[in-house]
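Dumped my_file25.tsv below, it's TSV, C-alpha atoms:
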```
chain	number	residue	atom	x	y	z
A	1	MET	CA	-9.06	99.87	76.33
A	2	ARG	CA	-9.60	96.68	74.63
A	3	PRO	CA	-12.23	97.95	72.15
A	4	ARG	CA	-9.85	100.60	70.95
A	5	ILE	CA	-7.10	98.08	70.29
A	6	ARG	CA	-9.43	95.94	68.20
A	7	HIS	CA	-10.57	98.95	66.16
A	8	LEU	CA	-6.97	99.88	65.47
A	9	PHE	CA	-6.13	96.31	64.28
A	10	ARG	CA	-9.00	96.39	61.80
A	11	ILE	CA	-7.73	99.68	60.30
A	12	LEU	CA	-4.26	98.16	59.84
A	13	LEU	CA	-5.69	95.05	58.21
A	14	ILE	CA	-7.72	97.11	55.72
A	15	PHE	CA	-4.74	99.25	54.84
A	16	THR	CA	-2.53	96.20	54.28
A	17	SER	CA	-5.11	94.49	52.01
A	18	THR	CA	-5.53	97.65	49.97
A	19	ALA	CA	-1.79	98.01	49.45
A	20	PHE	CA	-1.47	94.32	48.42
A	21	SER	CA	-4.28	94.54	45.92
A	22	CYS	CA	-2.83	97.66	44.40
A	23	SER	CA	0.42	95.81	43.75
A	24	LEU	CA	-1.49	93.05	42.01
A	25	ILE	CA	-3.10	95.40	39.48
A	26	GLY	CA	0.15	97.13	38.62
A	27	GLN	CA	-0.10	100.16	40.85
A	28	GLU	CA	2.83	101.40	42.78
A	29	ARG	CA	3.43	99.36	45.83
A	30	TYR	CA	3.73	100.94	49.16
A	31	SER	CA	7.21	101.23	50.33
A	32	PHE	CA	6.51	99.64	53.63
A	33	ILE	CA	5.81	96.14	51.91
A	34	THR	CA	8.76	93.84	52.48
A	35	PRO	CA	10.55	91.81	49.74
A	36	LYS	CA	9.25	88.54	51.22
A	37	VAL	CA	5.67	89.69	50.88
A	38	ASP	CA	6.41	90.73	47.32
A	39	SER	CA	7.81	87.27	46.48
A	40	ILE	CA	4.73	85.53	47.88
A	41	CYS	CA	2.46	87.76	45.87
A	42	GLN	CA	4.43	87.02	42.69
A	43	THR	CA	4.25	83.27	43.30
A	44	THR	CA	0.52	83.46	43.91
A	45	LEU	CA	0.07	85.31	40.64
A	46	ASP	CA	2.03	82.65	38.76
A	47	LEU	CA	-0.09	79.92	40.24
A	48	ILE	CA	-3.25	81.73	39.20
A	49	ARG	CA	-1.94	81.97	35.60
A	50	ILE	CA	-1.01	78.24	35.58
A	51	LYS	CA	-4.47	77.37	36.84
A	52	GLN	CA	-6.06	79.44	34.09
A	53	SER	CA	-3.90	77.63	31.49
A	54	LEU	CA	-4.88	74.22	32.89
A	55	ILE	CA	-8.53	75.22	32.88
A	56	LEU	CA	-8.24	76.14	29.18
A	57	GLN	CA	-6.47	72.82	28.39
A	58	GLN	CA	-9.13	70.91	30.29
A	59	TYR	CA	-11.82	72.66	28.28
A	60	ALA	CA	-10.03	71.72	25.02
A	61	VAL	CA	-9.65	68.10	26.13
A	62	ASP	CA	-13.33	67.97	27.09
A	63	ASN	CA	-14.20	69.19	23.59
A	64	ASP	CA	-11.98	66.52	22.04
A	65	VAL	CA	-13.57	63.84	24.23
A	66	LYS	CA	-17.02	65.02	23.16
A	67	GLN	CA	-16.02	64.86	19.48
A	68	ILE	CA	-14.52	61.35	19.87
A	69	GLN	CA	-17.58	60.16	21.74
A	70	HIS	CA	-19.76	61.52	18.96
A	71	THR	CA	-17.66	59.69	16.37
A	72	ILE	CA	-17.94	56.43	18.40
A	73	ASP	CA	-21.71	56.88	18.62
A	74	VAL	CA	-21.90	57.37	14.85
A	75	MET	CA	-19.75	54.22	14.22
A	76	ASN	CA	-21.85	52.21	16.66
A	77	GLY	CA	-24.89	53.30	14.70
A	78	HIS	CA	-23.35	52.10	11.43
A	79	LEU	CA	-22.31	48.81	13.12
A	80	GLU	CA	-25.83	48.25	14.35
A	81	GLU	CA	-27.19	48.90	10.85
A	82	ALA	CA	-24.69	46.39	9.41
A	83	LYS	CA	-25.75	43.77	11.99
A	84	ASN	CA	-29.37	44.30	11.07
A	85	GLU	CA	-28.55	43.95	7.38
A	86	ARG	CA	-26.62	40.71	8.10
A	87	ILE	CA	-29.56	39.28	10.00
A	88	ALA	CA	-31.86	40.19	7.12
A	89	ILE	CA	-29.55	38.47	4.59
A	90	ASP	CA	-29.33	35.33	6.77
A	91	ASN	CA	-33.10	35.20	6.99
A	92	GLU	CA	-33.38	35.48	3.20
A	93	LEU	CA	-30.83	32.64	2.74
A	94	VAL	CA	-32.79	30.43	5.14
A	95	ALA	CA	-35.97	31.12	3.18
A	96	ILE	CA	-34.23	30.35	-0.14
A	97	ASN	CA	-32.76	27.06	1.21
A	98	ARG	CA	-36.17	26.00	2.48
A	99	HIS	CA	-37.63	26.67	-0.95
A	100	LEU	CA	-34.84	24.68	-2.64
A	101	ASP	CA	-35.38	21.77	-0.25
A	102	SER	CA	-39.09	21.81	-1.02
A	103	ILE	CA	-38.52	21.50	-4.79
A	104	THR	CA	-35.50	19.10	-4.63
A	105	PRO	CA	-36.25	15.31	-4.67
A	106	LYS	CA	-35.46	13.67	-1.37
A	107	ARG	CA	-32.48	11.31	-1.20
A	108	PRO	CA	-33.05	7.80	0.18
A	109	ASP	CA	-32.23	7.15	3.78
A	110	GLY	CA	-28.75	5.99	4.68
A	111	PRO	CA	-25.30	7.25	3.81
A	112	ARG	CA	-24.88	8.95	0.48
A	113	PRO	CA	-22.91	7.03	-2.13
A	114	LYS	CA	-19.38	8.15	-2.81
A	115	GLU	CA	-18.95	10.34	-5.84
A	116	ASN	CA	-15.72	8.67	-6.95
A	117	ILE	CA	-16.56	5.45	-8.80
A	118	ILE	CA	-12.94	4.30	-8.46
A	119	ASP	CA	-13.25	4.33	-4.67
A	120	ILE	CA	-16.52	2.41	-4.86
A	121	LEU	CA	-15.04	-0.33	-7.06
A	122	TYR	CA	-11.86	-0.45	-4.97
A	123	GLU	CA	-13.88	-1.23	-1.84
A	124	ARG	CA	-15.97	-3.93	-3.56
A	125	LEU	CA	-13.59	-5.56	-6.02
A	126	SER	CA	-10.72	-7.94	-5.40
A	127	PHE	CA	-8.31	-8.57	-8.28
A	128	HIS	CA	-5.35	-10.92	-8.13
A	129	GLY	CA	-3.52	-13.43	-10.28
A	130	SER	CA	-0.14	-14.37	-11.72
A	131	TYR	CA	1.77	-14.63	-14.97
A	132	GLY	CA	5.03	-16.23	-15.96
A	133	LEU	CA	7.18	-18.31	-18.29
A	134	ASN	CA	7.68	-22.07	-18.15
A	135	ILE	CA	10.86	-23.49	-19.76
A	136	ASN	CA	11.86	-27.06	-20.66
A	137	GLN	CA	15.13	-27.98	-22.37
A	138	LEU	CA	16.91	-31.13	-23.58
A	139	ALA	CA	20.47	-31.26	-25.00
A	140	LEU	CA	22.10	-34.39	-26.46
A	141	SER	CA	25.55	-35.05	-27.88
A	142	ASN	CA	26.75	-38.46	-29.06
A	143	TRP	CA	23.91	-40.06	-27.15
A	144	ALA	CA	23.76	-43.74	-28.01
A	145	ALA	CA	20.10	-44.13	-27.06
A	146	GLY	CA	19.14	-41.53	-29.63
A	147	GLY	CA	17.03	-38.44	-29.47
A	148	GLU	CA	17.30	-34.85	-30.59
A	149	ASN	CA	17.91	-31.51	-28.96
A	150	THR	CA	14.72	-29.71	-27.96
A	151	TRP	CA	13.55	-26.79	-25.96
A	152	ALA	CA	10.06	-25.69	-25.05
A	153	GLY	CA	8.66	-22.50	-23.64
A	154	LYS	CA	5.20	-21.62	-22.43
A	155	THR	CA	3.79	-18.30	-21.30
A	156	PHE	CA	0.79	-18.36	-19.03
A	157	ALA	CA	-1.40	-15.97	-17.09
A	158	ASN	CA	-4.37	-16.30	-14.81
A	159	PHE	CA	-6.50	-13.88	-12.84
A	160	THR	CA	-9.48	-13.77	-10.50
A	161	LEU	CA	-11.81	-10.77	-10.30
A	162	LEU	CA	-14.18	-10.92	-7.31
A	163	ASP	CA	-17.10	-8.59	-6.61
A	164	HIS	CA	-18.43	-9.41	-3.15
A	165	LYS	CA	-21.59	-7.84	-1.73
A	166	LYS	CA	-23.87	-8.80	1.12
A	167	ALA	CA	-26.62	-10.12	-1.16
A	168	PHE	CA	-24.56	-11.74	-3.93
A	169	GLU	CA	-21.07	-12.54	-5.15
A	170	GLN	CA	-19.69	-12.31	-8.69
A	171	LYS	CA	-16.48	-13.94	-9.83
A	172	LEU	CA	-14.62	-13.89	-13.14
A	173	ILE	CA	-11.71	-16.32	-13.61
A	174	GLY	CA	-9.40	-16.30	-16.61
A	175	ASN	CA	-6.71	-18.81	-17.60
A	176	PHE	CA	-4.49	-18.32	-20.64
A	177	ALA	CA	-1.53	-20.30	-21.96
A	178	PHE	CA	0.47	-20.56	-25.16
A	179	GLY	CA	3.61	-22.62	-25.71
A	180	ILE	CA	5.82	-23.90	-28.51
A	181	SER	CA	8.57	-26.52	-28.88
A	182	ARG	CA	11.63	-26.25	-31.11
A	183	PHE	CA	13.49	-29.34	-32.29
A	184	ALA	CA	17.03	-29.76	-33.61
A	185	ASN	CA	15.83	-29.83	-37.23
A	186	LYS	CA	14.40	-26.31	-36.71
A	187	ARG	CA	10.84	-27.66	-36.63
A	188	LEU	CA	8.40	-25.73	-34.44
A	189	GLU	CA	5.36	-27.32	-32.89
A	190	LYS	CA	2.63	-25.86	-30.75
A	191	GLN	CA	2.84	-27.23	-27.24
A	192	ASP	CA	-0.05	-25.54	-25.46
A	193	ASP	CA	-2.89	-23.20	-26.42
A	194	LYS	CA	-5.67	-22.30	-24.03
A	195	ILE	CA	-8.23	-19.53	-23.47
A	196	ASP	CA	-10.56	-20.35	-20.57
A	197	LEU	CA	-13.02	-17.92	-18.99
A	198	THR	CA	-15.45	-18.69	-16.16
A	199	TYR	CA	-18.10	-16.36	-14.76
A	200	SER	CA	-20.21	-17.21	-11.72
A	201	LEU	CA	-22.98	-15.37	-9.86
A	202	SER	CA	-24.02	-16.66	-6.43
A	203	LEU	CA	-26.85	-15.45	-4.21
A	204	ASN	CA	-25.50	-15.50	-0.68
A	205	SER	CA	-27.44	-17.37	1.97
A	206	LYS	CA	-26.97	-18.15	5.65
A	207	THR	CA	-25.80	-21.66	4.81
A	208	GLN	CA	-22.90	-23.03	2.77
A	209	TRP	CA	-25.29	-23.90	-0.07
A	210	ASN	CA	-26.02	-21.07	-2.51
A	211	ILE	CA	-28.05	-20.64	-5.68
A	212	THR	CA	-25.47	-20.14	-8.42
A	213	MET	CA	-25.30	-19.43	-12.14
A	214	VAL	CA	-22.11	-20.42	-13.98
A	215	SER	CA	-21.00	-19.64	-17.53
A	216	THR	CA	-17.80	-21.00	-19.07
A	217	PHE	CA	-16.08	-20.32	-22.38
A	218	ASN	CA	-13.16	-22.30	-23.84
A	219	THR	CA	-11.26	-22.00	-27.10
A	220	GLN	CA	-7.73	-21.67	-28.50
A	221	LEU	CA	-5.69	-18.97	-30.21
A	222	ALA	CA	-3.70	-20.52	-33.09
A	223	ASN	CA	-4.14	-23.33	-35.61
A	224	GLY	CA	-3.51	-26.87	-34.48
A	225	TYR	CA	-1.92	-29.57	-36.64
A	226	LYS	CA	-1.40	-33.27	-36.41
A	227	TYR	CA	2.37	-33.16	-36.14
A	228	PRO	CA	4.73	-33.90	-37.80
A	229	ASN	CA	2.25	-33.16	-40.62
A	230	ASP	CA	1.78	-29.38	-40.45
A	231	SER	CA	-0.21	-29.00	-43.65
A	232	THR	CA	-3.63	-30.12	-42.42
A	233	VAL	CA	-5.45	-27.99	-39.85
A	234	ILE	CA	-7.26	-30.00	-37.20
A	235	SER	CA	-8.31	-27.06	-35.00
A	236	SER	CA	-8.17	-23.26	-34.95
A	237	PHE	CA	-9.51	-20.19	-33.19
A	238	PHE	CA	-13.21	-20.73	-32.43
A	239	ALA	CA	-12.94	-24.19	-33.95
A	240	PRO	CA	-13.78	-25.53	-31.54
A	241	ALA	CA	-15.14	-23.11	-28.94
A	242	TYR	CA	-17.38	-24.23	-26.09
A	243	LEU	CA	-19.92	-22.03	-24.29
A	244	THR	CA	-21.79	-23.43	-21.32
A	245	VAL	CA	-24.51	-21.62	-19.37
A	246	SER	CA	-26.07	-23.33	-16.36
A	247	GLY	CA	-27.92	-22.71	-13.12
A	248	GLY	CA	-27.94	-24.77	-9.97
A	249	TYR	CA	-26.50	-25.02	-6.46
A	250	SER	CA	-22.97	-24.58	-5.17
A	251	TYR	CA	-21.33	-25.66	-1.93
A	252	LYS	CA	-18.00	-24.58	-0.47
A	253	THR	CA	-16.26	-25.18	2.80
A	254	LYS	CA	-15.46	-22.30	5.15
A	255	ASP	CA	-11.81	-22.29	4.09
A	256	GLU	CA	-12.95	-22.48	0.40
A	257	ARG	CA	-10.50	-25.31	-0.34
A	258	PHE	CA	-13.31	-27.54	-1.59
A	259	GLN	CA	-16.10	-26.29	-3.87
A	260	ILE	CA	-18.69	-28.20	-5.85
A	261	TYR	CA	-21.27	-26.91	-8.30
A	262	MET	CA	-24.19	-29.01	-9.59
A	263	SER	CA	-26.57	-27.93	-12.32
A	264	PRO	CA	-29.47	-30.21	-13.35
A	265	LEU	CA	-30.12	-28.04	-16.40
A	266	ALA	CA	-27.22	-26.69	-18.43
A	267	GLY	CA	-26.98	-25.53	-22.01
A	268	LYS	CA	-23.81	-26.16	-24.01
A	269	VAL	CA	-23.02	-24.83	-27.46
A	270	THR	CA	-20.11	-26.04	-29.60
A	271	PHE	CA	-18.83	-23.60	-32.23
A	272	VAL	CA	-16.81	-24.70	-35.26
A	273	MET	CA	-16.25	-21.56	-37.32
A	274	ASN	CA	-13.69	-23.13	-39.67
A	275	GLN	CA	-15.69	-24.21	-42.70
A	276	ASP	CA	-13.38	-27.09	-43.65
A	277	LEU	CA	-13.69	-28.56	-40.15
A	278	ALA	CA	-17.44	-27.93	-40.13
A	279	ASP	CA	-17.81	-29.71	-43.48
A	280	ALA	CA	-15.94	-32.67	-42.01
A	281	GLY	CA	-18.32	-32.79	-39.02
A	282	SER	CA	-15.52	-32.17	-36.51
A	283	PHE	CA	-16.32	-31.77	-32.80
A	284	GLY	CA	-19.90	-32.95	-33.12
A	285	VAL	CA	-21.36	-30.46	-35.62
A	286	LYS	CA	-23.46	-31.72	-38.50
A	287	LYS	CA	-21.11	-32.34	-41.42
A	288	GLY	CA	-21.65	-31.31	-45.01
A	289	TYR	CA	-23.16	-33.61	-47.58
A	290	TYR	CA	-24.52	-33.84	-51.10
A	291	ASP	CA	-28.28	-33.90	-51.42
A	292	GLN	CA	-30.24	-36.02	-53.90
A	293	GLU	CA	-29.75	-33.43	-56.61
A	294	GLY	CA	-25.99	-33.42	-56.11
A	295	THR	CA	-25.89	-30.02	-54.46
A	296	TRP	CA	-23.33	-29.63	-51.72
A	297	ILE	CA	-24.84	-28.69	-48.34
A	298	PRO	CA	-22.15	-27.10	-46.13
A	299	GLY	CA	-21.58	-28.35	-42.63
A	300	GLU	CA	-23.14	-26.48	-39.71
A	301	HIS	CA	-21.10	-24.29	-37.39
A	302	ILE	CA	-23.06	-24.79	-34.16
A	303	ALA	CA	-24.02	-27.89	-32.19
A	304	PRO	CA	-26.30	-27.21	-29.17
A	305	ALA	CA	-26.79	-29.59	-26.25
A	306	ILE	CA	-28.70	-29.71	-22.96
A	307	GLY	CA	-27.55	-31.75	-20.00
A	308	VAL	CA	-26.14	-31.98	-16.48
A	309	ASN	CA	-23.08	-29.97	-15.49
A	310	VAL	CA	-20.94	-30.74	-12.42
A	311	ILE	CA	-17.80	-28.75	-11.50
A	312	ILE	CA	-15.47	-29.65	-8.61
A	313	ASN	CA	-12.56	-27.54	-7.37
A	314	TYR	CA	-10.12	-28.61	-4.67
A	315	LYS	CA	-6.91	-27.07	-3.34
A	316	GLN	CA	-4.66	-28.71	-0.74
A	317	PRO	CA	-1.26	-27.63	0.60
A	318	ILE	CA	1.25	-30.49	0.78
A	319	GLY	CA	3.95	-29.55	3.21
A	320	GLN	CA	5.24	-26.01	3.44
A	321	ASN	CA	6.10	-25.21	-0.19
A	322	VAL	CA	3.97	-27.62	-2.24
A	323	THR	CA	0.35	-27.10	-3.31
A	324	TYR	CA	-1.97	-29.46	-5.17
A	325	THR	CA	-4.86	-28.01	-7.19
A	326	THR	CA	-7.44	-29.91	-9.20
A	327	MET	CA	-10.50	-28.97	-11.28
A	328	LEU	CA	-12.98	-31.51	-12.67
A	329	ASN	CA	-15.67	-30.35	-15.13
A	330	THR	CA	-18.20	-32.87	-16.46
A	331	PHE	CA	-21.15	-32.50	-18.82
A	332	TYR	CA	-23.70	-35.23	-19.58
A	333	ASN	CA	-25.90	-34.71	-22.64
A	334	TYR	CA	-29.60	-35.36	-22.02
A	335	ILE	CA	-30.91	-35.31	-25.56
A	336	GLU	CA	-28.17	-36.92	-27.65
A	337	ARG	CA	-28.70	-40.52	-28.56
A	338	ARG	CA	-26.00	-42.37	-30.45
A	339	ASP	CA	-26.05	-45.68	-32.27
A	340	ASP	CA	-22.33	-46.34	-31.76
A	341	ASP	CA	-22.63	-46.92	-27.98
A	342	ARG	CA	-20.68	-43.75	-27.19
A	343	THR	CA	-21.46	-42.34	-23.78
A	344	PRO	CA	-22.61	-38.73	-24.29
A	345	ILE	CA	-20.36	-37.34	-21.61
A	346	ASP	CA	-17.53	-34.78	-21.68
A	347	ILE	CA	-14.82	-34.76	-19.02
A	348	ASN	CA	-12.19	-32.09	-18.43
A	349	TRP	CA	-9.83	-32.79	-15.51
A	350	GLU	CA	-6.84	-30.55	-14.76
A	351	ASN	CA	-4.28	-31.30	-12.04
A	352	THR	CA	-1.43	-29.02	-10.95
A	353	ILE	CA	1.31	-29.60	-8.39
A	354	ASP	CA	3.18	-26.38	-7.61
A	355	PHE	CA	6.63	-26.65	-6.00
A	356	ASN	CA	7.49	-23.21	-4.62
A	357	ILE	CA	11.30	-22.88	-4.73
A	358	THR	CA	11.67	-19.12	-4.22
A	359	LYS	CA	9.36	-16.14	-4.43
A	360	TYR	CA	9.65	-16.02	-8.22
A	361	ILE	CA	10.87	-19.51	-9.23
A	362	ARG	CA	8.71	-22.61	-9.18
A	363	THR	CA	8.58	-26.11	-10.55
A	364	ILE	CA	5.14	-26.90	-11.95
A	365	LEU	CA	3.84	-30.37	-12.81
A	366	PHE	CA	0.69	-30.18	-14.92
A	367	VAL	CA	-1.44	-33.19	-15.89
A	368	HIS	CA	-4.51	-32.74	-18.08
A	369	LEU	CA	-7.02	-35.51	-18.85
A	370	LYS	CA	-9.82	-34.89	-21.32
A	371	TYR	CA	-12.58	-36.93	-22.89
A	372	ASP	CA	-14.99	-35.51	-25.49
A	373	HIS	CA	-17.33	-38.00	-27.08
A	374	ASN	CA	-17.56	-35.79	-30.18
A	375	THR	CA	-13.80	-35.57	-30.69
A	376	THR	CA	-12.70	-38.66	-32.57
A	377	PHE	CA	-9.39	-40.13	-33.63
A	378	PRO	CA	-8.79	-42.48	-36.58
A	379	ILE	CA	-8.26	-46.21	-36.14
A	380	TYR	CA	-5.78	-47.65	-38.67
A	381	GLU	CA	-5.47	-51.20	-39.96
A	382	ASP	CA	-2.94	-52.71	-42.30
A	383	ILE	CA	-4.88	-53.67	-45.41
A	384	GLU	CA	-2.72	-55.21	-48.09
A	385	GLY	CA	0.31	-53.42	-46.70
A	386	VAL	CA	-1.34	-50.02	-46.55
A	387	GLN	CA	-2.33	-48.28	-43.31
A	388	THR	CA	-5.99	-47.57	-43.83
A	389	VAL	CA	-8.48	-45.71	-41.62
A	390	VAL	CA	-11.21	-48.12	-40.69
A	391	ASP	CA	-13.00	-46.14	-37.96
A	392	ASN	CA	-13.02	-42.90	-35.90
A	393	VAL	CA	-13.62	-43.20	-32.18
A	394	PRO	CA	-13.27	-40.89	-29.16
A	395	LYS	CA	-10.27	-41.51	-26.92
A	396	LEU	CA	-9.01	-40.32	-23.58
A	397	GLN	CA	-6.71	-37.35	-24.22
A	398	PHE	CA	-3.65	-36.95	-22.01
A	399	LYS	CA	-1.20	-34.09	-21.62
A	400	GLU	CA	1.63	-33.72	-19.07
A	401	SER	CA	4.30	-31.09	-18.62
A	402	LEU	CA	7.03	-30.49	-16.05
A	403	GLY	CA	9.34	-27.50	-16.06
A	404	ILE	CA	10.88	-24.55	-14.31
A	405	ALA	CA	8.60	-21.52	-14.20
A	406	PHE	CA	9.34	-17.89	-13.50
A	407	VAL	CA	6.19	-16.52	-11.90
A	408	HIS	CA	5.10	-13.08	-10.71
A	409	LYS	CA	2.01	-12.66	-8.57
A	410	PHE	CA	-0.17	-9.55	-8.35
```

I'd like the structure from this file rewritten - as structure tokens, please.
Amino acid sequence: MRPRIRHLFRILLIFTSTAFSCSLIGQERYSFITPKVDSICQTTLDLIRIKQSLILQQYAVDNDVKQIQHTIDVMNGHLEEAKNERIAIDNELVAINRHLDSITPKRPDGPRPKENIIDILYERLSFHGSYGLNINQLALSNWAAGGENTWAGKTFANFTLLDHKKAFEQKLIGNFAFGISRFANKRLEKQDDKIDLTYSLSLNSKTQWNITMVSTFNTQLANGYKYPNDSTVISSFFAPAYLTVSGGYSYKTKDERFQIYMSPLAGKVTFVMNQDLADAGSFGVKKGYYDQEGTWIPGEHIAPAIGVNVIINYKQPIGQNVTYTTMLNTFYNYIERRDDDRTPIDINWENTIDFNITKYIRTILFVHLKYDHNTTFPIYEDIEGVQTVVDNVPKLQFKESLGIAFVHKF
């Protein structure tokens, strides 16, 4: 019984599958298929169509991926070629730089000098000084003791330029002054006239003593007269002018307040470029004369000398706002021999006391002593009621000034 039932079930299953497949291919469905079975078959067909569409889209996407991957491979190839070209260029640059280094002179060891010369000088040089105006004034009215109204003004300037290096030190000092006085009768007189330059070169050592070379130059700017007579010139520009060149040793304290320079061998030249003064033998030059034939031989313009030069500088604060400064310059002539018992020595001694009132206002007391054995002054005697010059001798020269000064430092 059981085998028959199984055989019958197989026949039903085959019949059902055949009817279902016929519906799928568009044939007429058997009437015994229920609506539910028909719905399932329709859904299955839709799913098969969706799957086919997705398979086609996947195939298209795979093609796009393959094309993009091919493009990436091509770009990677170009990138690799560019990298190789860059490496080749770098290698060529290295070879060129090596060749340039081989034909370029080698620089000395140490840091390279700065290209900007202004920066180099700024690091090495020190420049400072001051300039100003000094004023003196006197007013009188009905003054029984007598006198006349006067005022005096003097402009001045000084500077110091220092070039300091490890091996040596250079210094240039300049001092300039020019002043006039005006009296009640409208007369003008020169009060001061100075051009002083000093250059020094010192070889630095481990001690406070240094080998030093010093050169000084002194002259004036305008004509000088023996006032109140302003018709006869007694001095002028480069008449006289003094140039001294010397070498020796210098010593200075650590605070540089005291300095001394000593030169056992110094050369000094006196210039008198005014012919009238040269003919008169002023300031030690050989004066003019008539020879045996009556021909006039003009006076010489230059008088050389060799001797000892000593220079002393000292600066000392006195209290909080007062400073004393002094400079003594002496020169002793080795070779000059005189029959008039004159000592062949020149002395120039300047003293300044600076009273600092405010930043820009000061009171300055200046005292200047000078002795030049070649600068002479006439000696007068009363001969039969007439003042007559009987001799010319050197004298100690003295100058003093005190006034209010307006000063600016830089």

Please return, as a ChimeraX atom specification, all polymer residues that have at least one atom within 9 Å of the point (-9.2, -22.5, -23.5); use all atoms listed in the file and the file's own coordinate frame. /A:175-177,193-197,217-221,241-242

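For Pro317 of chain A, the set of protein, DNA and RNA residues having any atom at most 10 Å away, when counting all atoms listed in the file and skipping those fewer than 4 positions along the same chain, is Arg257, Asn321, Val322, Thr323, Tyr324, Thr325, Ile353 and Asp354 of chain A.
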
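Using all atoms listed in the file, the smallest distance between any of A:Ile96, A:Ile180, A:Leu79, A:Ile103 and Leu133 of chain A comes from A:Ile180.
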
Considering only C-alpha atoms, can you say which of A:Gln292, A:Gln191, A:Thr330, A:Thr232 comes closest to Met262 of chain A? A:Thr330

Exercise: Trp209 of chain A partners within 7 Å, all atoms listed in the file, chain neighbours under 4 positions left out, as an NGL selection string: :A and (249-251)

Each segment 141-196 of chain A residue no farther than 12 Å from segment 364-368 of chain A, nearest pair in Å, all atoms listed in the file, as a tab-separated table:
```
residue	atom	partner	partner_atom	distance
A:Lys154	CA	A:Ile364	CA	11.7
A:Phe156	CA	A:Ile364	CA	11.9
A:Asp192	CA	A:His368	CA	11.2
```
